[in-house]
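Q: Sharing a structure here in structure tokens format.
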Amino acid sequence: MENIQNYINGQFTNPVSDDWIDNYNPASGEVYSQIPNSSKDDVENAYKSAKSAFKQWSQTTLEERSRIMLKISELIETNLDRLAEAESKDNGKPLWLAKAVDIPRASSNFRFFANAITQFASESHESVGQNAINYTLRQPIGVVGCISPWNLPLYLFTWKIAPAIAAGNCVVAKPSEVTPMTAYLLGEICNEAGLPKGVLNIVHGLGGSTGQAIVENPDIKAISFTGGTATGAHIARTAAPMFKKLSLELGGKNPNIIFADCDYDDMLTTTVRSSFANQGQICLCGSRIFVEDSIYEKFKTDFVDRVKHLKVGHPSNADTKVGALVSKPHLKKVMSYIDIAKDEGGTILCGGNRITIEGYEDGYYLQPTVIEVLSDECRVNQEEIFGPVVTIMSFSSEQEVLAMANKVDYGLSATLWTNDLKRTMRMSTQLQAGIIWVNTWLMRDLRTPFGGVKNSGVGREGGFEALRFFTEAKNVCIKY
Ligand code: TXE
């Protein structure tokens, strides 16, 4: 059993209450480690540690902060294999994916913000005719909370922590209780890199208790959260009376809009990826596919054929394209939508069933599933399923597809496949989403703003947006 511990003040500690939670390997359905179910006392200890480190860290030169962060980035790379294995075992994602995407990106997050902080400039305004100059100080907030989900564990954990500490804050962070392992290993890396004690504190445990204690702590003045929309709303309600700064990156139900004039082969290959990458458990996956009617039948045949050939298998196999879903409750939730689709008159074009892998009979495997739906208003087309399940339907005009694409509560991303520049410009301005990809998907430049509109969240991460979130702007006006 590989037990993990909290990381507080640079030390690994057991939870005060000695209360532990089982952690499952989704590929086998077996318990393989235990994690602390941290209480308010553990969060308080983490907070105190962060608070006592703040004065020194906030006054550490940018060069020194940057040097330590670059070291963390380098050590993540050095530990690529170990971290990728832990990520894959915890989450069920293919090992090759963790090696190619999750862990390299965690390293990039530290490298990017180590450099970005040295370029983060503030404004000055001369009050002409009044002999005065205004300038803006960008000061760290103090102790901030970072709460992350299970779908891209180290990737999203570090996407929050890196800008927070680059900006001079100290952090109390909680990874998902379902995927705690890489966050645990990050503590070791931070110690080795020489991150001063208390700058980063990691507490493990359930959302409703450990996460809630972070949000309820009145002295943790900002919360950066990625997770489900219902949890985001709950956090916002808890935090509002304390006037905390919030960045909420929530769910998505993203349209993938395919016009007949697109580069077909490129579109088809990318659409398979945007539908099923990471078992469809990425908030940016294009889970609603709309296809122009003149190519609908061809697309349907070609797409279903490709999907049927996606290899579902154990995450450690090199040829596995779709691994295990993250947990048993999540598998149950995703499968319930397949029943809902049937009740709503949808046609299951392929998939729809749980798969048993020899030797791993209790693993959480599901066939990639394509559902042809009758209406864009059905539940499977409106609610976030967050698994290897996509819907397809046809459209006949730009106006029709725009209306369907926007008629959901979410607004995270949208993908558009067309070679018509004017249409691209028209639709990009009208689609209700924080991120639009045209003829590509999930191409990320870390300098760009990331976030959603409507129920997909509040605030933007990425580049200087993240550094703005993790700092308070203070205007200084000097009369001369
Ligand atoms: O997420 P939660 P869950 C969506 C997806 C999924 C659904 C629920 O549709 O099926 O959300 O997933 C912590 N105070 N996304 O239940 O609960 C929790 O411990 C403070 C989309 O796993 O939102 C974890 O660390 N924290 C998504 C984190 O919040 C709380 C990624 C996310 O868990 C808390 C994941 C509380 N009261 C799921 N309750 C995306 N946007 O990418 C829970 N947490």
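Quick note on naming: the chains in the structure tokens go A, B, ... in the order shown, residues restart at 1 in each chain, and ligands are numbered from 1 in order of appearance.
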Dump as CSV the rows for residues of stretch 101-124 of chain A within 7 Å of stretch 154-174 of chain A: closest atom pair and distance in Å with one decimal, only C-alpha atoms counted, ordered by chain and rising residue number.
A:
residue,atom,partner,partner_atom,distance
A:Asp102,CA,A:Tyr155,CA,5.3
A:Ile103,CA,A:Tyr155,CA,6.6
A:Arg105,CA,A:Tyr155,CA,5.9
A:Ala106,CA,A:Tyr155,CA,4.7
A:Asn109,CA,A:Trp159,CA,5.7
A:Phe110,CA,A:Ala162,CA,5.3
A:Phe113,CA,A:Pro163,CA,5.6
A:Ala114,CA,A:Ala166,CA,6.3
A:Ile117,CA,A:Ala166,CA,6.1
Q: Could you write out that same residue set with all heavy atoms as a PDB file, in the first residue's frame?
A:
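Once everything was written out, this is selection-v9.pdb:
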ATOM      1  N   ASP A 102       0.445  15.305 -20.074  1.00  0.00           N
ATOM      2  CA  ASP A 102       0.202  15.805 -18.708  1.00  0.00           C
ATOM      3  C   ASP A 102       1.472  16.277 -17.993  1.00  0.00           C
ATOM      4  O   ASP A 102       1.510  17.386 -17.452  1.00  0.00           O
ATOM      5  CB  ASP A 102      -0.456  14.705 -17.846  1.00  0.00           C
ATOM      6  CG  ASP A 102      -1.851  14.369 -18.334  1.00  0.00           C
ATOM      7  OD1 ASP A 102      -1.970  13.717 -19.390  1.00  0.00           O
ATOM      8  OD2 ASP A 102      -2.823  14.764 -17.670  1.00  0.00           O
ATOM      9  N   ILE A 103       2.475  15.414 -17.993  1.00  0.00           N
ATOM     10  CA  ILE A 103       3.660  15.750 -17.188  1.00  0.00           C
ATOM     11  C   ILE A 103       4.508  16.836 -17.877  1.00  0.00           C
ATOM     12  O   ILE A 103       4.927  17.797 -17.216  1.00  0.00           O
ATOM     13  CB  ILE A 103       4.486  14.472 -16.855  1.00  0.00           C
ATOM     14  CG1 ILE A 103       3.545  13.393 -16.245  1.00  0.00           C
ATOM     15  CG2 ILE A 103       5.649  14.793 -15.918  1.00  0.00           C
ATOM     16  CD1 ILE A 103       2.693  13.830 -15.053  1.00  0.00           C
ATOM     17  N   ARG A 105       3.413  19.154 -19.665  1.00  0.00           N
ATOM     18  CA  ARG A 105       2.700  20.423 -19.478  1.00  0.00           C
ATOM     19  C   ARG A 105       2.866  20.950 -18.046  1.00  0.00           C
ATOM     20  O   ARG A 105       2.957  22.170 -17.818  1.00  0.00           O
ATOM     21  CB  ARG A 105       1.231  20.220 -19.824  1.00  0.00           C
ATOM     22  CG  ARG A 105       0.336  21.371 -19.524  1.00  0.00           C
ATOM     23  CD  ARG A 105       0.700  22.680 -20.237  1.00  0.00           C
ATOM     24  NE  ARG A 105      -0.085  23.725 -19.644  1.00  0.00           N
ATOM     25  CZ  ARG A 105      -1.316  24.048 -20.025  1.00  0.00           C
ATOM     26  NH1 ARG A 105      -1.852  23.457 -21.063  1.00  0.00           N
ATOM     27  NH2 ARG A 105      -1.985  24.986 -19.412  1.00  0.00           N
ATOM     28  N   ALA A 106       2.919  20.060 -17.071  1.00  0.00           N
ATOM     29  CA  ALA A 106       3.141  20.499 -15.684  1.00  0.00           C
ATOM     30  C   ALA A 106       4.501  21.196 -15.586  1.00  0.00           C
ATOM     31  O   ALA A 106       4.645  22.238 -14.937  1.00  0.00           O
ATOM     32  CB  ALA A 106       3.076  19.303 -14.736  1.00  0.00           C
ATOM     33  N   ASN A 109       4.236  24.591 -17.189  1.00  0.00           N
ATOM     34  CA  ASN A 109       3.534  25.584 -16.369  1.00  0.00           C
ATOM     35  C   ASN A 109       4.514  26.331 -15.459  1.00  0.00           C
ATOM     36  O   ASN A 109       4.457  27.554 -15.349  1.00  0.00           O
ATOM     37  CB  ASN A 109       2.465  24.900 -15.502  1.00  0.00           C
ATOM     38  CG  ASN A 109       1.277  24.436 -16.323  1.00  0.00           C
ATOM     39  OD1 ASN A 109       1.034  24.942 -17.429  1.00  0.00           O
ATOM     40  ND2 ASN A 109       0.539  23.473 -15.806  1.00  0.00           N
ATOM     41  N   PHE A 110       5.431  25.592 -14.824  1.00  0.00           N
ATOM     42  CA  PHE A 110       6.410  26.261 -13.958  1.00  0.00           C
ATOM     43  C   PHE A 110       7.389  27.105 -14.776  1.00  0.00           C
ATOM     44  O   PHE A 110       7.728  28.230 -14.402  1.00  0.00           O
ATOM     45  CB  PHE A 110       7.167  25.235 -13.099  1.00  0.00           C
ATOM     46  CG  PHE A 110       6.396  24.856 -11.856  1.00  0.00           C
ATOM     47  CD1 PHE A 110       5.680  23.678 -11.794  1.00  0.00           C
ATOM     48  CD2 PHE A 110       6.372  25.711 -10.753  1.00  0.00           C
ATOM     49  CE1 PHE A 110       4.940  23.339 -10.661  1.00  0.00           C
ATOM     50  CE2 PHE A 110       5.641  25.374  -9.610  1.00  0.00           C
ATOM     51  CZ  PHE A 110       4.922  24.188  -9.569  1.00  0.00           C
ATOM     52  N   PHE A 113       5.552  30.380 -16.124  1.00  0.00           N
ATOM     53  CA  PHE A 113       5.309  31.453 -15.154  1.00  0.00           C
ATOM     54  C   PHE A 113       6.599  31.945 -14.496  1.00  0.00           C
ATOM     55  O   PHE A 113       6.644  33.089 -14.037  1.00  0.00           O
ATOM     56  CB  PHE A 113       4.248  31.030 -14.129  1.00  0.00           C
ATOM     57  CG  PHE A 113       2.864  31.067 -14.730  1.00  0.00           C
ATOM     58  CD1 PHE A 113       2.185  29.902 -15.046  1.00  0.00           C
ATOM     59  CD2 PHE A 113       2.262  32.280 -15.031  1.00  0.00           C
ATOM     60  CE1 PHE A 113       0.916  29.947 -15.633  1.00  0.00           C
ATOM     61  CE2 PHE A 113       1.003  32.340 -15.621  1.00  0.00           C
ATOM     62  CZ  PHE A 113       0.329  31.175 -15.919  1.00  0.00           C
ATOM     63  N   ALA A 114       7.639  31.110 -14.493  1.00  0.00           N
ATOM     64  CA  ALA A 114       8.950  31.592 -14.018  1.00  0.00           C
ATOM     65  C   ALA A 114       9.426  32.725 -14.917  1.00  0.00           C
ATOM     66  O   ALA A 114      10.003  33.717 -14.462  1.00  0.00           O
ATOM     67  CB  ALA A 114       9.963  30.451 -14.030  1.00  0.00           C
ATOM     68  N   ILE A 117       6.661  36.061 -14.957  1.00  0.00           N
ATOM     69  CA  ILE A 117       6.681  37.018 -13.841  1.00  0.00           C
ATOM     70  C   ILE A 117       7.762  38.084 -14.062  1.00  0.00           C
ATOM     71  O   ILE A 117       7.615  39.230 -13.619  1.00  0.00           O
ATOM     72  CB  ILE A 117       6.844  36.308 -12.464  1.00  0.00           C
ATOM     73  CG1 ILE A 117       6.520  37.258 -11.311  1.00  0.00           C
ATOM     74  CG2 ILE A 117       8.231  35.700 -12.280  1.00  0.00           C
ATOM     75  CD1 ILE A 117       5.124  37.785 -11.271  1.00  0.00           C
TER      76      ILE A 117
END
Q: Sorted by chain and rising residue number, list the residues of chain A at most 9 Å from ligand 1 (counting only C-alpha atoms and all ligand atoms), each with its closest atom pair and distance in Å to one decimal, as JSON lines.
A:
{"residue": "A:Cys146", "atom": "CA", "partner": "ligand 1", "partner_atom_place_in_ligand_line": "25 (O)", "distance": 9.0}
{"residue": "A:Ile147", "atom": "CA", "partner": "ligand 1", "partner_atom_place_in_ligand_line": "25 (O)", "distance": 5.3}
{"residue": "A:Ser148", "atom": "CA", "partner": "ligand 1", "partner_atom_place_in_ligand_line": "25 (O)", "distance": 4.7}
{"residue": "A:Pro149", "atom": "CA", "partner": "ligand 1", "partner_atom_place_in_ligand_line": "32 (C)", "distance": 4.1}
{"residue": "A:Trp150", "atom": "CA", "partner": "ligand 1", "partner_atom_place_in_ligand_line": "35 (C)", "distance": 5.9}
{"residue": "A:Asn151", "atom": "CA", "partner": "ligand 1", "partner_atom_place_in_ligand_line": "31 (C)", "distance": 5.7}
{"residue": "A:Leu152", "atom": "CA", "partner": "ligand 1", "partner_atom_place_in_ligand_line": "42 (O)", "distance": 7.8}
{"residue": "A:Leu156", "atom": "CA", "partner": "ligand 1", "partner_atom_place_in_ligand_line": "42 (O)", "distance": 8.7}
{"residue": "A:Lys174", "atom": "CA", "partner": "ligand 1", "partner_atom_place_in_ligand_line": "25 (O)", "distance": 6.0}
{"residue": "A:Pro175", "atom": "CA", "partner": "ligand 1", "partner_atom_place_in_ligand_line": "25 (O)", "distance": 4.9}
{"residue": "A:Ser176", "atom": "CA", "partner": "ligand 1", "partner_atom_place_in_ligand_line": "25 (O)", "distance": 3.4}
{"residue": "A:Glu177", "atom": "CA", "partner": "ligand 1", "partner_atom_place_in_ligand_line": "19 (O)", "distance": 5.6}
{"residue": "A:Val178", "atom": "CA", "partner": "ligand 1", "partner_atom_place_in_ligand_line": "22 (O)", "distance": 7.7}
{"residue": "A:Thr179", "atom": "CA", "partner": "ligand 1", "partner_atom_place_in_ligand_line": "25 (O)", "distance": 8.8}
{"residue": "A:His204", "atom": "CA", "partner": "ligand 1", "partner_atom_place_in_ligand_line": "19 (O)", "distance": 8.6}
{"residue": "A:Gly205", "atom": "CA", "partner": "ligand 1", "partner_atom_place_in_ligand_line": "19 (O)", "distance": 6.8}
{"residue": "A:Leu206", "atom": "CA", "partner": "ligand 1", "partner_atom_place_in_ligand_line": "19 (O)", "distance": 4.9}
{"residue": "A:Gly207", "atom": "CA", "partner": "ligand 1", "partner_atom_place_in_ligand_line": "19 (O)", "distance": 3.1}
{"residue": "A:Gly208", "atom": "CA", "partner": "ligand 1", "partner_atom_place_in_ligand_line": "37 (N)", "distance": 4.2}
{"residue": "A:Ser209", "atom": "CA", "partner": "ligand 1", "partner_atom_place_in_ligand_line": "37 (N)", "distance": 7.0}
{"residue": "A:Thr210", "atom": "CA", "partner": "ligand 1", "partner_atom_place_in_ligand_line": "20 (C)", "distance": 7.1}
{"residue": "A:Gly211", "atom": "CA", "partner": "ligand 1", "partner_atom_place_in_ligand_line": "20 (C)", "distance": 3.5}
{"residue": "A:Gln212", "atom": "CA", "partner": "ligand 1", "partner_atom_place_in_ligand_line": "14 (N)", "distance": 3.7}
{"residue": "A:Ala213", "atom": "CA", "partner": "ligand 1", "partner_atom_place_in_ligand_line": "14 (N)", "distance": 7.3}
{"residue": "A:Ile214", "atom": "CA", "partner": "ligand 1", "partner_atom_place_in_ligand_line": "20 (C)", "distance": 6.9}
{"residue": "A:Val215", "atom": "CA", "partner": "ligand 1", "partner_atom_place_in_ligand_line": "20 (C)", "distance": 6.1}
{"residue": "A:Glu216", "atom": "CA", "partner": "ligand 1", "partner_atom_place_in_ligand_line": "14 (N)", "distance": 8.5}
{"residue": "A:Phe225", "atom": "CA", "partner": "ligand 1", "partner_atom_place_in_ligand_line": "29 (O)", "distance": 7.0}
{"residue": "A:Thr226", "atom": "CA", "partner": "ligand 1", "partner_atom_place_in_ligand_line": "41 (N)", "distance": 5.1}
{"residue": "A:Gly227", "atom": "CA", "partner": "ligand 1", "partner_atom_place_in_ligand_line": "23 (O)", "distance": 3.7}
{"residue": "A:Gly228", "atom": "CA", "partner": "ligand 1", "partner_atom_place_in_ligand_line": "11 (O)", "distance": 3.0}
{"residue": "A:Thr229", "atom": "CA", "partner": "ligand 1", "partner_atom_place_in_ligand_line": "11 (O)", "distance": 6.3}
{"residue": "A:Ala230", "atom": "CA", "partner": "ligand 1", "partner_atom_place_in_ligand_line": "23 (O)", "distance": 6.9}
{"residue": "A:Thr231", "atom": "CA", "partner": "ligand 1", "partner_atom_place_in_ligand_line": "23 (O)", "distance": 4.7}
{"residue": "A:Gly232", "atom": "CA", "partner": "ligand 1", "partner_atom_place_in_ligand_line": "23 (O)", "distance": 6.7}
{"residue": "A:His234", "atom": "CA", "partner": "ligand 1", "partner_atom_place_in_ligand_line": "37 (N)", "distance": 6.3}
{"residue": "A:Ile235", "atom": "CA", "partner": "ligand 1", "partner_atom_place_in_ligand_line": "14 (N)", "distance": 5.7}
{"residue": "A:Thr238", "atom": "CA", "partner": "ligand 1", "partner_atom_place_in_ligand_line": "14 (N)", "distance": 8.6}
{"residue": "A:Leu248", "atom": "CA", "partner": "ligand 1", "partner_atom_place_in_ligand_line": "41 (N)", "distance": 8.5}
{"residue": "A:Glu249", "atom": "CA", "partner": "ligand 1", "partner_atom_place_in_ligand_line": "41 (N)", "distance": 5.4}
{"residue": "A:Leu250", "atom": "CA", "partner": "ligand 1", "partner_atom_place_in_ligand_line": "41 (N)", "distance": 3.8}
{"residue": "A:Gly251", "atom": "CA", "partner": "ligand 1", "partner_atom_place_in_ligand_line": "41 (N)", "distance": 4.2}
{"residue": "A:Gly252", "atom": "CA", "partner": "ligand 1", "partner_atom_place_in_ligand_line": "41 (N)", "distance": 7.0}
{"residue": "A:Gln281", "atom": "CA", "partner": "ligand 1", "partner_atom_place_in_ligand_line": "31 (C)", "distance": 7.5}
{"residue": "A:Ile282", "atom": "CA", "partner": "ligand 1", "partner_atom_place_in_ligand_line": "42 (O)", "distance": 5.7}
{"residue": "A:Cys283", "atom": "CA", "partner": "ligand 1", "partner_atom_place_in_ligand_line": "42 (O)", "distance": 4.2}
{"residue": "A:Leu284", "atom": "CA", "partner": "ligand 1", "partner_atom_place_in_ligand_line": "42 (O)", "distance": 7.6}
{"residue": "A:His330", "atom": "CA", "partner": "ligand 1", "partner_atom_place_in_ligand_line": "10 (O)", "distance": 6.4}
{"residue": "A:Lys333", "atom": "CA", "partner": "ligand 1", "partner_atom_place_in_ligand_line": "10 (O)", "distance": 7.4}
{"residue": "A:Val334", "atom": "CA", "partner": "ligand 1", "partner_atom_place_in_ligand_line": "10 (O)", "distance": 7.9}
{"residue": "A:Glu383", "atom": "CA", "partner": "ligand 1", "partner_atom_place_in_ligand_line": "9 (O)", "distance": 8.2}
{"residue": "A:Glu384", "atom": "CA", "partner": "ligand 1", "partner_atom_place_in_ligand_line": "9 (O)", "distance": 5.1}
{"residue": "A:Ile385", "atom": "CA", "partner": "ligand 1", "partner_atom_place_in_ligand_line": "9 (O)", "distance": 5.7}
{"residue": "A:Phe386", "atom": "CA", "partner": "ligand 1", "partner_atom_place_in_ligand_line": "9 (O)", "distance": 5.0}
{"residue": "A:Gly387", "atom": "CA", "partner": "ligand 1", "partner_atom_place_in_ligand_line": "10 (O)", "distance": 8.2}
{"residue": "A:Ser456", "atom": "CA", "partner": "ligand 1", "partner_atom_place_in_ligand_line": "41 (N)", "distance": 7.6}
{"residue": "A:Gly457", "atom": "CA", "partner": "ligand 1", "partner_atom_place_in_ligand_line": "41 (N)", "distance": 8.7}
Q: Between A:Asp42, A:Asp362, A:Asp219, A:Glu377, which residue has the minimum interatomic distance to A:Lys245, considering only C-alpha atoms?
A: A:Asp219
Q: Need the shell around A:Glu126: protein/DNA/RNA residues with any atom at most 10 Å away, counting only C-alpha atoms. Skip same-chain ones fewer than 3 positions apart. Format as a list of chain:residue names?
A: A:Gly129, A:Gln130, A:Asn131, A:Ala132, A:Ile133, A:Asn134, A:Tyr135, A:Cys477, A:Ile478
Q: Which residues are near stretch 367-376 of chain A? Cut-off 8 Å, only C-alpha atoms, ignore same chain within fewer than 2 positions. Put them as a PyMOL selection string.
A: chain A and resi 276+279+304+307-308+310+312+322+341+345-355+365+378+381-382+388-393+404
Q: Please produce a file of those selected residues containing C-alpha atoms, as a PDB file, in the first residue's frame.
A:
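The result, written out as part.pdb:
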ATOM      1  CA  PHE A 276     -12.349  10.822 -26.962  1.00  0.00           C
ATOM      2  CA  GLN A 279     -11.642   9.154 -22.274  1.00  0.00           C
ATOM      3  CA  VAL A 304     -18.336   5.670 -36.545  1.00  0.00           C
ATOM      4  CA  VAL A 307     -14.470   5.191 -33.409  1.00  0.00           C
ATOM      5  CA  LYS A 308     -15.161   1.458 -33.583  1.00  0.00           C
ATOM      6  CA  LEU A 310     -10.284   2.909 -31.149  1.00  0.00           C
ATOM      7  CA  VAL A 312      -9.863   0.407 -25.362  1.00  0.00           C
ATOM      8  CA  VAL A 322      -8.988   4.868 -24.550  1.00  0.00           C
ATOM      9  CA  ALA A 341     -30.245   8.899 -24.669  1.00  0.00           C
ATOM     10  CA  GLY A 345     -35.142   8.448 -28.821  1.00  0.00           C
ATOM     11  CA  GLY A 346     -31.435   8.722 -29.579  1.00  0.00           C
ATOM     12  CA  THR A 347     -29.725   6.042 -31.677  1.00  0.00           C
ATOM     13  CA  ILE A 348     -26.532   4.474 -30.342  1.00  0.00           C
ATOM     14  CA  LEU A 349     -24.411   4.293 -33.511  1.00  0.00           C
ATOM     15  CA  CYS A 350     -21.550   2.543 -31.734  1.00  0.00           C
ATOM     16  CA  GLY A 351     -20.400   1.701 -28.226  1.00  0.00           C
ATOM     17  CA  GLY A 352     -22.693   2.110 -25.259  1.00  0.00           C
ATOM     18  CA  ASN A 353     -21.432  -0.785 -23.137  1.00  0.00           C
ATOM     19  CA  ARG A 354     -18.977  -1.404 -20.364  1.00  0.00           C
ATOM     20  CA  ILE A 355     -15.950  -3.446 -21.430  1.00  0.00           C
ATOM     21  CA  TYR A 365     -13.770   0.673 -19.074  1.00  0.00           C
ATOM     22  CA  CYS A 378     -32.413  16.576 -25.368  1.00  0.00           C
ATOM     23  CA  ASN A 381     -27.105  17.336 -25.738  1.00  0.00           C
ATOM     24  CA  GLN A 382     -27.517  19.770 -22.876  1.00  0.00           C
ATOM     25  CA  PRO A 388     -16.274   8.914 -24.025  1.00  0.00           C
ATOM     26  CA  VAL A 389     -19.726   9.805 -25.298  1.00  0.00           C
ATOM     27  CA  VAL A 390     -20.543  12.265 -28.099  1.00  0.00           C
ATOM     28  CA  THR A 391     -23.733  13.240 -29.872  1.00  0.00           C
ATOM     29  CA  ILE A 392     -24.081  13.980 -33.563  1.00  0.00           C
ATOM     30  CA  MET A 393     -26.757  15.716 -35.577  1.00  0.00           C
ATOM     31  CA  MET A 404     -28.185  25.271 -31.463  1.00  0.00           C
TER      32      MET A 404
END
Q: Name the residues in contact with A:Ser28 at a cut-off of 6 Å, using only C-alpha atoms, excluding same-chain residues fewer than 3 positions from it; report them as a compact mmCIF listing (two decimals) with all heavy atoms, in the first residue's frame.
A:
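Result file follows (selection-v3.txt):
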# COMPACT_ATOMS: atom_id res chain seq x y z
N ASN A 25 -7.28 2.29 -8.05
CA ASN A 25 -6.68 2.27 -9.38
C ASN A 25 -7.82 1.95 -10.36
O ASN A 25 -8.34 0.83 -10.36
CB ASN A 25 -5.61 1.17 -9.41
CG ASN A 25 -5.01 0.99 -10.80
OD1 ASN A 25 -5.54 1.51 -11.78
ND2 ASN A 25 -3.92 0.24 -10.87
N TYR A 360 -8.26 -7.58 -15.70
CA TYR A 360 -8.67 -6.34 -14.99
C TYR A 360 -10.19 -6.22 -15.05
O TYR A 360 -10.73 -5.20 -15.44
CB TYR A 360 -8.00 -5.13 -15.65
CG TYR A 360 -6.50 -5.25 -15.74
CD1 TYR A 360 -5.89 -5.63 -16.94
CD2 TYR A 360 -5.71 -5.00 -14.62
CE1 TYR A 360 -4.51 -5.77 -17.00
CE2 TYR A 360 -4.33 -5.15 -14.68
CZ TYR A 360 -3.75 -5.52 -15.88
OH TYR A 360 -2.40 -5.66 -15.94
N ASP A 362 -12.47 -5.78 -12.99
CA ASP A 362 -13.20 -4.76 -12.22
C ASP A 362 -12.84 -3.33 -12.63
O ASP A 362 -13.23 -2.36 -11.97
CB ASP A 362 -12.92 -4.93 -10.72
CG ASP A 362 -13.55 -6.23 -10.21
OD1 ASP A 362 -14.60 -6.62 -10.76
OD2 ASP A 362 -12.98 -6.84 -9.29
N GLY A 363 -12.05 -3.17 -13.70
CA GLY A 363 -11.66 -1.83 -14.17
C GLY A 363 -12.86 -1.10 -14.77
O GLY A 363 -13.85 -1.72 -15.16
Q: Tell me which of A:Leu83, A:Glu292, A:Glu64, A:Ala233 sits closest to A:Gly194, counting only C-alpha atoms.
A: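 When distances to A:Gly194 are compared using only C-alpha atoms, the smallest one comes from A:Glu64.
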Q: Please return as a VMD selection string: the residues of stretch 151-277 of chain A that backbone DSSP assigns to helix (DSSP H, G or I).
A: chain A and resid 153 to 166 181 to 193 207 to 216 229 to 242 264 to 277
Q: Got time to write the residues from that selection, C-alpha atoms, as an mmCIF file, in the first residue's frame?
A:
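Saved result, selection_36.cif, follows:
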data_model
loop_
_atom_site.group_PDB
_atom_site.id
_atom_site.type_symbol
_atom_site.label_atom_id
_atom_site.label_comp_id
_atom_site.auth_asym_id
_atom_site.auth_seq_id
_atom_site.Cartn_x
_atom_site.Cartn_y
_atom_site.Cartn_z
ATOM 1 C CA PRO A 153 -4.362 16.124 -12.222
ATOM 2 C CA LEU A 154 -0.804 17.498 -12.217
ATOM 3 C CA TYR A 155 -1.436 19.577 -15.354
ATOM 4 C CA LEU A 156 -4.214 21.624 -13.701
ATOM 5 C CA PHE A 157 -2.756 21.578 -10.183
ATOM 6 C CA THR A 158 0.441 23.238 -11.424
ATOM 7 C CA TRP A 159 -1.495 25.548 -13.782
ATOM 8 C CA LYS A 160 -2.812 27.215 -10.630
ATOM 9 C CA ILE A 161 0.125 26.878 -8.248
ATOM 10 C CA ALA A 162 2.773 28.170 -10.651
ATOM 11 C CA PRO A 163 1.243 31.634 -11.275
ATOM 12 C CA ALA A 164 0.207 31.896 -7.602
ATOM 13 C CA ILE A 165 3.733 31.466 -6.262
ATOM 14 C CA ALA A 166 5.345 33.349 -9.155
ATOM 15 C CA MET A 181 -0.592 10.895 -6.225
ATOM 16 C CA THR A 182 1.276 13.347 -8.478
ATOM 17 C CA ALA A 183 0.469 16.261 -6.170
ATOM 18 C CA TYR A 184 2.068 14.235 -3.372
ATOM 19 C CA LEU A 185 5.189 13.663 -5.475
ATOM 20 C CA LEU A 186 5.317 17.369 -6.311
ATOM 21 C CA GLY A 187 6.020 18.079 -2.624
ATOM 22 C CA GLU A 188 9.254 16.076 -2.820
ATOM 23 C CA ILE A 189 10.232 17.926 -5.988
ATOM 24 C CA CYS A 190 9.596 21.325 -4.382
ATOM 25 C CA ASN A 191 11.833 20.415 -1.452
ATOM 26 C CA GLU A 192 14.581 19.245 -3.781
ATOM 27 C CA ALA A 193 14.289 22.439 -5.827
ATOM 28 C CA GLY A 207 -14.158 18.210 -1.328
ATOM 29 C CA GLY A 208 -17.042 18.670 1.071
ATOM 30 C CA SER A 209 -14.762 18.730 4.141
ATOM 31 C CA THR A 210 -11.128 19.536 3.245
ATOM 32 C CA GLY A 211 -12.011 21.685 0.195
ATOM 33 C CA GLN A 212 -14.821 23.349 2.088
ATOM 34 C CA ALA A 213 -12.431 24.209 4.969
ATOM 35 C CA ILE A 214 -10.110 25.983 2.513
ATOM 36 C CA VAL A 215 -12.979 28.005 1.060
ATOM 37 C CA GLU A 216 -14.394 28.813 4.523
ATOM 38 C CA THR A 229 -20.369 23.659 -12.226
ATOM 39 C CA ALA A 230 -22.462 22.689 -9.188
ATOM 40 C CA THR A 231 -19.363 22.716 -6.963
ATOM 41 C CA GLY A 232 -18.312 26.055 -8.463
ATOM 42 C CA ALA A 233 -21.689 27.552 -7.597
ATOM 43 C CA HIS A 234 -21.435 26.199 -4.047
ATOM 44 C CA ILE A 235 -17.951 27.682 -3.637
ATOM 45 C CA ALA A 236 -19.169 31.035 -4.938
ATOM 46 C CA ARG A 237 -22.019 31.058 -2.388
ATOM 47 C CA THR A 238 -19.655 30.185 0.470
ATOM 48 C CA ALA A 239 -17.031 32.721 -0.560
ATOM 49 C CA ALA A 240 -19.326 35.655 -1.378
ATOM 50 C CA PRO A 241 -19.897 36.970 2.205
ATOM 51 C CA MET A 242 -16.102 37.019 2.683
ATOM 52 C CA TYR A 264 -12.211 16.667 -44.384
ATOM 53 C CA ASP A 265 -9.412 14.274 -43.416
ATOM 54 C CA ASP A 266 -7.870 16.672 -40.962
ATOM 55 C CA MET A 267 -11.297 17.366 -39.470
ATOM 56 C CA LEU A 268 -12.096 13.652 -39.125
ATOM 57 C CA THR A 269 -8.827 12.777 -37.381
ATOM 58 C CA THR A 270 -9.052 15.754 -35.047
ATOM 59 C CA THR A 271 -12.723 15.129 -34.283
ATOM 60 C CA VAL A 272 -11.950 11.595 -33.109
ATOM 61 C CA ARG A 273 -9.330 13.108 -30.805
ATOM 62 C CA SER A 274 -11.487 16.009 -29.595
ATOM 63 C CA SER A 275 -14.276 13.557 -28.769
ATOM 64 C CA PHE A 276 -12.349 10.822 -26.962
ATOM 65 C CA ALA A 277 -8.978 12.148 -25.775
#
Q: Could you go through stretch 106-211 of chain A and tell me which residues DSSP, when run on the backbone, assigns to strand (DSSP E), listing them as a list in words?
A: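 Selecting the strand (DSSP E) positions of stretch 106-211 of chain A gives Ser124, His125, Glu126, Ser127, Ala132, Ile133, Asn134, Tyr135, Thr136, Leu137, Arg138, Gln139, Pro140, Val143, Val144, Gly145, Cys146, Ile147, Cys170, Val171, Val172, Ala173, Lys174, Leu200, Asn201 and Ile202 of chain A.
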